[in-house]
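Below is one structure; the comments refer to it alone.
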Amino acid sequence: MENQSLRLKLRVWRQASSQAKGAFEMYELAAVPVHASFLEMMDLLNEQLIREGKEPVAFDHDCREGICGMCSLYINGRAHGPQRGTTTCQLHMRHFQDGETITVEPFRAAAFPVLKDLAVNRSAFDRIQQAGGYVTVNTGNAPDGNAVPIPKTDADEAFMSAACIGCGACVAACKNASAMLFVSAKVSQYALLPQGQPEHRERVLSMVEAMDMEGFGHCTNTGACEAECPKGISVENIARLNRSYLAAQLSGGGTSAVATSD
Amino acid sequence: MKLDSKIPSGPLAERWKHYRSTVPLVSPANKRKLEVIVVGTGLAGASAAASLAELGYKVKTFCFQDSPRRAHSIAAQGGINAAKNYQNDGDSVYRLFYDTIKGGDYRAREANVHRLAEVSASIIDQCVAQGVPFARDYGGMLDNRSFGGTQVSRTFYARGQTGQQLLLGAYSALNRQISKKQVQSFTRHEMVELVMVDGKARGIIAKNLVTGELERHSAHAVVLASGGYGNVFYLSTNAMGSNVTAAWKAHRLGALFGNPCFTQIHPTCLPQAGEYQSKLTLMSESLRNDGRVWVPSRVEDAQAIREGRLKASDLGEDRRDYFLERKYPAYGNLVPRDVASRAAKELCDAGHGVAPTGLAVFLDFEDAIRRLGRSTISARYGNLFEMYEKITGDNPYETPMKIYPAVHYTMGGLWVDYELMTTIPGLYAIGEANFSDHGANRLGASALMQGLADGYFVLPYTIGAYLSSEIRHAVPSVDHPSFVEAEQRALDFQNRLLAIQGKRSAESFHRALGKIMWEYCGMARSAEGLRHALGLLESLHQEFWSDVLVPGSLNSYNPELDKAHRVADFIELGRLMVWDALTREESCGGHFRVEHQTPEGEALRDDEEFAFVSAWEYHGPDKDPVMHREALNFEEVHLTQRSYK
Ligand SMILES: Cc1cc2nc3c(=O)[nH]c(=O)nc-3n(C[C@H](O)[C@H](O)[C@H](O)COP(=O)(O)OP(=O)(O)OC[C@H]3O[C@@H](n4cnc5c(N)ncnc54)[C@H](O)[C@@H]3O)c2cc1C
Ligand code: SF4
Ligand code: FES
């Protein structure tokens, strides 16, 4: 299989700008090495387009090792493609068949408008974090790192939630385009640590409020987010957020209906 | 030009304390009127921006990614050093200072490194307070590991994702200031020019990468936290977008560039599989704790493996060469990065490489699995093995990994004084973008420490020394002629690129540049090769400016134009690196000149002649750069030759 290559047809979403109307276009690639990554395959496509005097396809990427959360392709109907627990940049062409037609779309959600072709605007995620995804502590104000022991299991669990890369696949995978998995992961990280306690209530309320304002849909517990999340973020985070949210509301304030079921 | 490093006088251990208590202060009322631009939101930029905003300065941040959280720092794996001595194993500020100076092969400034070691402990406290979920032991205390061959356990970590967790901590602090309107964040923006008014840095021209528009931003001071330039080699472990453009524009306007040829090559990366490859992936250094590095002893066997006629398991012990264990019995597979990298290259050059390209050595876990059991190995390295399999399709529990050295980090960068100011007044450089603390070689887990030290604990003090005297000046209007002129420069540069309409993509030039740099200015350098490289780079420069094909237009989302812009700057930088490597007639740290080695093939330093920082001045793309020297005076440590035999 060392030197094998694939002939592929690509059905790629092209859209000039956020205002423009988009459409699929077909391209053919004659020889894609099986060991290339999906984004390297896109590089080959772009080299070909440039040589043909056409405009290359815009797509987001940076680290190409599954950690920055920048890559965001919807491949054959799945966020980040067919392989579980894998970002687009870590997906390799050996998982595709010779002669296959691959459909490539942007992550679609009202709150993630397309900027161009396959690149979308996910700044809504930043604004949700700005609403409360932090601990209020100025530089220089911190007690010794070991002043408060944190049980290993809590630290490990907080880490699991903190491992979210903010890619937005959970939103793209959800039929309601809900951002609950992302928001709950961030809230959970702090909820599981002593440092997060003093501001816990306000954080939950304001982050949920910000999420609603950005136009993300409601969570109906389909679990599609967890299935497509490249970092294995668990829906237990959503349950934790729902509990926190109800408790915060009971202790006064907050109006959003986070948890609905149908 | 006289270089003033502004190192305070007095006993080494007292300097920073004394500096902090005597540096001029800015009153809170005045801080509100002072504006600072921070280019970059990695560990250095995000921590600096948040801390400056907390102090009351008005801050603007810029990054080219779609969110500050995606800066390249996010990819750091192994950990961050700090002299906490939680393990009671004899660590101290002095020891961390000493290890860093020695690890850097005595080419860093003592005073800076000592300060770094001093503030290291506060970094950990700060991150814990922000909610960074560091690894903990069963008693709930912070866990440490030893890293990169040090004799103490001083590395703090969060699984294999330390950079991610630290950056999310800094990003959260930044977010708090954004929500308070103390910081204005510009994402998908690239700095394309520096603006100087009356000899001082007063702003930048930033390009909105979505619309293509050029924007003018003014401030009292500009901080570059734009990261390293490893991508000059095309293939590196850096993120795709990492670039030198911000630093290079400053260099063109007079900021000296320090030790440009000092680059670090990491021994355990995945080898290149084909021409299409866009980047190299780092496999954590920790793998060398249990993996054994080898190549076939016989060239014929190596060739058979490359051609798929033999497998690693077909070769018995007598046909394997565990070359690190053979050459360095005392340290074996754990020799420092530069030593391990060079040894692998030598054997591959001699025909012993094992990948189809001939450029890979085996990293074998068979012994470790036999000795410790598969489950122990899986607990230690499970995620790395998984990542390896994802990328290569091979299962490392069954066949040895193939690894090869790759460019990883650049110790060189903009020259800065003790206050982290460049040679342009009001222009600062922090994090990997400056040259300051790692000398000729960086120790593992020390880049994260330096980035956060600069941003949280050093710059917020030192910038006050400058800003306290700038209160008299209002921020210049963006209609000032200097802004108009800088914007025109940026516009002309891009129009020139678009107008060429040649035949080759920017990417193809970048690849060609990378090949030249890797071949002649990589792991082993010679005067002859470097001179040859100067010629090649000159031709490449000319070809680029006559044959690059940039599609699309100016005022649009045009990643190809942005790439071409970065490649143009990388080509000029490549030339400077070669000049630096050529003039440094010694071997030290990551800089290995084949003419300067011991009979056993080890690096030979020349402290008489070369105990200095080379700081280069720009005179134009086709003029020779001019070198200035900052002598390094060692008052505390004695210079010794490293030995790992
Ligand atoms: C794979 C890998 C693993 C590593 N592991 C470790 C480790 O375990 N421990 C350790 O100590 N170090 C490690 N390092 C090194 C360390 O990660 C980096 O040196 C460090 O994170 C650099 O941080 P920084 O803030 O200086 O720059 P970066 O994080 O690179 O940030 C640069 C910022 O500048 C912005 N920028 C750049 N140019 C422009 C421009 N022209 N205009 C606008 N914005 C711009 C970018 O958008 C970004 O926000 C690792 C490096 C790699 C590649
Ligand atoms: S929860 Fe998972 S899918 Fe959603 S943003 Fe985080 S990492 Fe991506
Ligand atoms: S490019 Fe960074 S996660 Fe894919």
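Chain lettering (A, B, ...) mirrors the order of the structure tokens, residue numbering begins at 1 for each chain separately, and ligand numbering begins at 1 in order of display.
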
Can I get the residues close to ligand 2 as a compact mmCIF listing (two decimals) with C-alpha atoms, in the first residue's frame, where close means within 6 Å and we count only C-alpha atoms and all ligand atoms?
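Writing done, so here's pocket.txt:
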# COMPACT_ATOMS: atom_id res chain seq x y z
CA CYS A 164 -12.47 20.77 24.16
CA ILE A 165 -10.76 22.41 21.18
CA GLY A 166 -13.62 24.78 20.38
CA CYS A 167 -13.97 23.45 16.85
CA GLY A 168 -17.76 23.62 16.62
CA ALA A 169 -18.27 20.10 15.26
CA CYS A 170 -20.87 19.55 17.97
CA LEU A 181 -21.74 20.47 24.44
CA PHE A 182 -19.20 23.24 24.00
CA CYS A 229 -16.84 15.40 18.93
CA PRO A 230 -13.20 14.76 17.99
CA LYS A 231 -12.09 15.07 21.61
CA ILE A 233 -16.34 15.41 25.28

Q | Near-ligand residues for ligand 1, threshold 7 Å, only C-alpha atoms and all ligand atoms, as an NGL selection string | A | :B and (39-45 or 62-65 or 68 or 70-80 or 162-163 or 189-192 or 225-228 or 237-239 or 242-246 or 281-282 or 408-409 or 430-433 or 444-449 or 451)

Q) Which residues, written as an NGL selection string, have at least one atom at most 10 Å from A:Ile50, with only C-alpha atoms counted and residues fewer than 3 positions away on the same chain left out? A) (:A and (44-47 or 53-57)) or (:B and (503-505 or 549-552 or 560))

Emit the selected residues as a tab-separated table (two decimals), in the first residue's frame, including N, CA and C atoms.
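Writing the result to again_14.tsv gives the following:
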chain	number	residue	atom	x	y	z
A	44	LEU	N	-3.56	19.67	-2.60
A	44	LEU	CA	-3.33	19.21	-3.97
A	44	LEU	C	-4.38	19.79	-4.90
A	45	LEU	N	-5.62	19.78	-4.41
A	45	LEU	CA	-6.70	20.37	-5.21
A	45	LEU	C	-6.39	21.84	-5.51
A	46	ASN	N	-5.96	22.56	-4.48
A	46	ASN	CA	-5.69	23.99	-4.67
A	46	ASN	C	-4.51	24.24	-5.62
A	47	GLU	N	-3.48	23.43	-5.51
A	47	GLU	CA	-2.35	23.55	-6.44
A	47	GLU	C	-2.86	23.41	-7.87
A	53	GLY	N	-5.51	28.35	-13.31
A	53	GLY	CA	-5.94	29.75	-13.31
A	53	GLY	C	-7.27	29.97	-12.61
A	54	LYS	N	-7.68	29.00	-11.77
A	54	LYS	CA	-8.92	29.18	-11.02
A	54	LYS	C	-8.62	29.56	-9.58
A	55	GLU	N	-9.63	30.06	-8.90
A	55	GLU	CA	-9.41	30.46	-7.52
A	55	GLU	C	-9.43	29.24	-6.60
A	56	PRO	N	-8.42	29.13	-5.73
A	56	PRO	CA	-8.39	27.97	-4.84
A	56	PRO	C	-9.54	28.00	-3.82
A	57	VAL	N	-9.79	26.86	-3.22
A	57	VAL	CA	-10.86	26.73	-2.24
A	57	VAL	C	-10.37	27.23	-0.88
B	503	LYS	N	4.16	31.64	-12.97
B	503	LYS	CA	3.66	30.28	-13.19
B	503	LYS	C	3.65	29.41	-11.94
B	504	ARG	N	4.34	29.85	-10.88
B	504	ARG	CA	4.46	28.93	-9.74
B	504	ARG	C	3.74	29.46	-8.50
B	505	SER	N	3.15	28.54	-7.75
B	505	SER	CA	2.43	28.95	-6.53
B	505	SER	C	3.42	29.35	-5.44
B	549	LEU	N	2.83	33.05	-8.80
B	549	LEU	CA	1.47	33.24	-9.30
B	549	LEU	C	0.53	33.37	-8.11
B	550	VAL	N	0.02	34.58	-7.93
B	550	VAL	CA	-0.93	34.79	-6.85
B	550	VAL	C	-2.31	35.06	-7.46
B	551	PRO	N	-3.23	34.13	-7.29
B	551	PRO	CA	-4.56	34.33	-7.86
B	551	PRO	C	-5.38	35.29	-7.00
B	552	GLY	N	-6.56	35.65	-7.46
B	552	GLY	CA	-7.47	36.46	-6.65
B	552	GLY	C	-7.10	37.93	-6.68
B	560	GLU	N	-4.04	32.92	-0.52
B	560	GLU	CA	-2.85	32.75	-1.37
B	560	GLU	C	-1.97	34.00	-1.35

(Q) Give me, as JSON, numbers by chain, the set of residues whose atoms come within 7 Å of any atom of ligand 3, counting only C-alpha atoms and all ligand atoms. (A) {"A": [61, 62, 63, 64, 65, 66, 67, 68, 69, 70, 71, 87, 88, 89, 90]}

Q) Could you pull out all residues of stretch 163-337 of chain B with a DSSP call of strand (DSSP E or B) and give them as number ranges by chain? A) B: 183-186, 189-197, 200-208, 214-218, 221-224, 257-258, 263-269, 282, 292-296, 320-321

Output C-alpha atoms for every residue in the selection just made, as a JSON list (two decimals), in the first residue's frame.
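Output below, filename result-v1.json:
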[["chain", "number", "residue", "atom", "x", "y", "z"],
["B", 183, "VAL", "CA", -8.93, 44.87, 25.48],
["B", 184, "GLN", "CA", -10.14, 45.05, 21.93],
["B", 185, "SER", "CA", -9.45, 41.81, 20.10],
["B", 186, "PHE", "CA", -8.85, 41.69, 16.35],
["B", 189, "HIS", "CA", -5.94, 40.21, 11.23],
["B", 190, "GLU", "CA", -2.32, 40.16, 10.19],
["B", 191, "MET", "CA", 0.21, 42.84, 10.97],
["B", 192, "VAL", "CA", 1.79, 43.77, 7.64],
["B", 193, "GLU", "CA", 3.71, 46.90, 8.60],
["B", 194, "LEU", "CA", 5.12, 48.65, 11.62],
["B", 195, "VAL", "CA", 4.52, 52.39, 11.91],
["B", 196, "MET", "CA", 7.21, 54.64, 13.32],
["B", 197, "VAL", "CA", 6.71, 58.25, 14.24],
["B", 200, "LYS", "CA", 9.49, 55.45, 17.91],
["B", 201, "ALA", "CA", 7.11, 52.55, 17.30],
["B", 202, "ARG", "CA", 3.64, 54.10, 17.28],
["B", 203, "GLY", "CA", 1.38, 51.65, 15.56],
["B", 204, "ILE", "CA", 0.85, 48.99, 12.97],
["B", 205, "ILE", "CA", -0.86, 48.45, 9.66],
["B", 206, "ALA", "CA", -3.04, 45.37, 9.99],
["B", 207, "LYS", "CA", -4.72, 43.52, 7.20],
["B", 208, "ASN", "CA", -8.23, 42.27, 7.73],
["B", 214, "LEU", "CA", -5.70, 47.55, 5.41],
["B", 215, "GLU", "CA", -6.34, 49.18, 8.79],
["B", 216, "ARG", "CA", -4.27, 51.72, 10.71],
["B", 217, "HIS", "CA", -3.89, 51.25, 14.47],
["B", 218, "SER", "CA", -1.95, 53.63, 16.67],
["B", 221, "ALA", "CA", 3.92, 51.12, 22.37],
["B", 222, "VAL", "CA", 3.85, 47.99, 20.23],
["B", 223, "VAL", "CA", 4.57, 44.49, 21.55],
["B", 224, "LEU", "CA", 5.44, 41.70, 19.12],
["B", 257, "PHE", "CA", 17.74, 40.37, 14.70],
["B", 258, "GLY", "CA", 19.57, 38.26, 17.30],
["B", 263, "THR", "CA", 17.31, 26.74, 15.51],
["B", 264, "GLN", "CA", 16.34, 23.62, 17.36],
["B", 265, "ILE", "CA", 15.86, 20.31, 15.66],
["B", 266, "HIS", "CA", 13.82, 17.78, 17.57],
["B", 267, "PRO", "CA", 14.87, 14.16, 17.18],
["B", 268, "THR", "CA", 11.52, 12.41, 17.58],
["B", 269, "CYS", "CA", 9.21, 13.53, 14.80],
["B", 282, "LEU", "CA", 6.24, 15.91, 16.88],
["B", 292, "ARG", "CA", 15.43, 2.16, 21.74],
["B", 293, "VAL", "CA", 16.73, 3.87, 18.64],
["B", 294, "TRP", "CA", 18.37, 1.72, 15.98],
["B", 295, "VAL", "CA", 19.13, 1.23, 12.30],
["B", 296, "PRO", "CA", 20.25, -1.89, 10.40],
["B", 320, "ARG", "CA", 21.00, -3.97, 14.48],
["B", 321, "ASP", "CA", 22.98, -0.89, 15.46]]

Which residues of stretch 388-474 of chain B come within 10 Å of stretch 32-41 of chain A, and for each one, what is the closest pair of atoms and their distance in Å to one decimal, counting only C-alpha atoms, sorted by chain and residue number, as JSON lines?
{"residue": "B:Lys390", "atom": "CA", "partner": "A:Ser37", "partner_atom": "CA", "distance": 10.0}
{"residue": "B:Ile391", "atom": "CA", "partner": "A:His35", "partner_atom": "CA", "distance": 7.7}
{"residue": "B:Thr392", "atom": "CA", "partner": "A:His35", "partner_atom": "CA", "distance": 6.9}
{"residue": "B:Gly393", "atom": "CA", "partner": "A:His35", "partner_atom": "CA", "distance": 8.2}

Export C-alpha atoms of the chosen residues as a PDB file, in the first residue's frame?
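Once written, out16.pdb looks like this:
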ATOM      1  CA  LYS B 390      -3.678   7.560  12.925  1.00  0.00           C
ATOM      2  CA  ILE B 391      -1.047   9.312  10.835  1.00  0.00           C
ATOM      3  CA  THR B 392       1.011   6.419   9.523  1.00  0.00           C
ATOM      4  CA  GLY B 393      -1.363   3.464   9.597  1.00  0.00           C
TER       5      GLY B 393
END

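The spacing separating atom CA of B:Glu35 from atom CA of B:Ala219 amounts to 4.9 Å.
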
Q) Leaving out A:Arg201 and any residue of its chain fewer than 3 positions from it, which residues lie within 7 Å of it when counting only C-alpha atoms, given as a list of chain:residue names? A) A:Val204, A:Leu205, A:Ala248

Q: Mind the document's chain letters and residue numbers, and return as a ChimeraX atom specification the residues of stretch 124-166 of chain A that DSSP labels alpha helix (DSSP H).
A: /A:124-130,152-162

Q: Please provide as a list in words all residues within 12 Å of B:Asp137, with the sequence filter that same-chain residues fewer than 2 positions apart are discarded (counting only C-alpha atoms).
A: Asn146, Pro149, Ile150, Pro151, Lys152, Thr153, Asp154, Ala155 and Asp156 of chain A; Tyr86, Gln87, Phe134, Ala135, Gly139, Gly140, Met141, Leu142, Asp143, Asn144, Arg145, Phe156, Tyr157 and Ala158 of chain B

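Between B:Gly241 and the residues B:Leu324, B:Leu491, B:Ala564, B:Ala581, the shortest atom-to-atom distance, using only C-alpha atoms, involves B:Ala564.
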
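Closest approach to A:Ser161 among B:Met411, B:Thr150, B:Asn289, B:Gln165 is made by B:Gln165 (distances from only C-alpha atoms).
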
Q. Excluding same-chain residues fewer than 6 positions from A:Phe59, what lies within 12 Å of it counting only C-alpha atoms, as a PyMOL selection string?
A. (chain A and resi 12-15+38-40+42-43+45-46+70-74+88-89+104-107+114-121) or (chain B and resi 66+557-560)

Dump as a CSV table (one decimal), in the first residue's frame, selection limited to C-alpha atoms:
chain,number,residue,atom,x,y,z
A,12,VAL,CA,-17.0,21.0,-3.0
A,13,TRP,CA,-19.1,23.9,-1.6
A,14,ARG,CA,-18.1,27.2,-3.2
A,15,GLN,CA,-19.4,30.5,-1.9
A,38,PHE,CA,-7.4,15.2,4.1
A,39,LEU,CA,-6.1,18.7,4.2
A,40,GLU,CA,-3.1,17.7,2.1
A,42,MET,CA,-7.2,19.8,-0.3
A,43,ASP,CA,-3.7,21.4,-0.9
A,45,LEU,CA,-6.7,20.4,-5.2
A,46,ASN,CA,-5.7,24.0,-4.7
A,70,MET,CA,-9.3,25.6,13.4
A,71,CYS,CA,-10.1,23.0,10.8
A,72,SER,CA,-13.8,22.5,10.2
A,73,LEU,CA,-14.9,20.5,7.2
A,74,TYR,CA,-18.2,18.6,6.9
A,88,THR,CA,-10.3,16.9,9.7
A,89,CYS,CA,-6.6,17.5,9.7
A,104,VAL,CA,-17.1,18.6,1.3
A,105,GLU,CA,-19.1,21.3,3.0
A,106,PRO,CA,-18.6,24.0,5.6
A,107,PHE,CA,-19.8,23.5,9.2
A,114,VAL,CA,-19.9,31.2,5.9
A,115,LEU,CA,-17.1,33.6,5.2
A,116,LYS,CA,-15.9,32.0,2.0
A,117,ASP,CA,-16.2,28.5,0.6
A,118,LEU,CA,-15.5,26.2,3.5
A,119,ALA,CA,-14.4,28.8,6.1
A,120,VAL,CA,-17.0,29.9,8.6
A,121,ASN,CA,-17.2,32.5,11.3
B,66,ASP,CA,-10.1,33.1,13.9
B,557,TYR,CA,-10.4,36.9,1.4
B,558,ASN,CA,-7.3,35.7,-0.3
B,559,PRO,CA,-5.2,33.2,1.6
B,560,GLU,CA,-2.9,32.8,-1.4

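Minimum atom-to-atom distances from B:His510, B:His438, B:Lys6, B:Lys84 to chain A were compared using only C-alpha atoms, and the lowest value belongs to B:Lys84.
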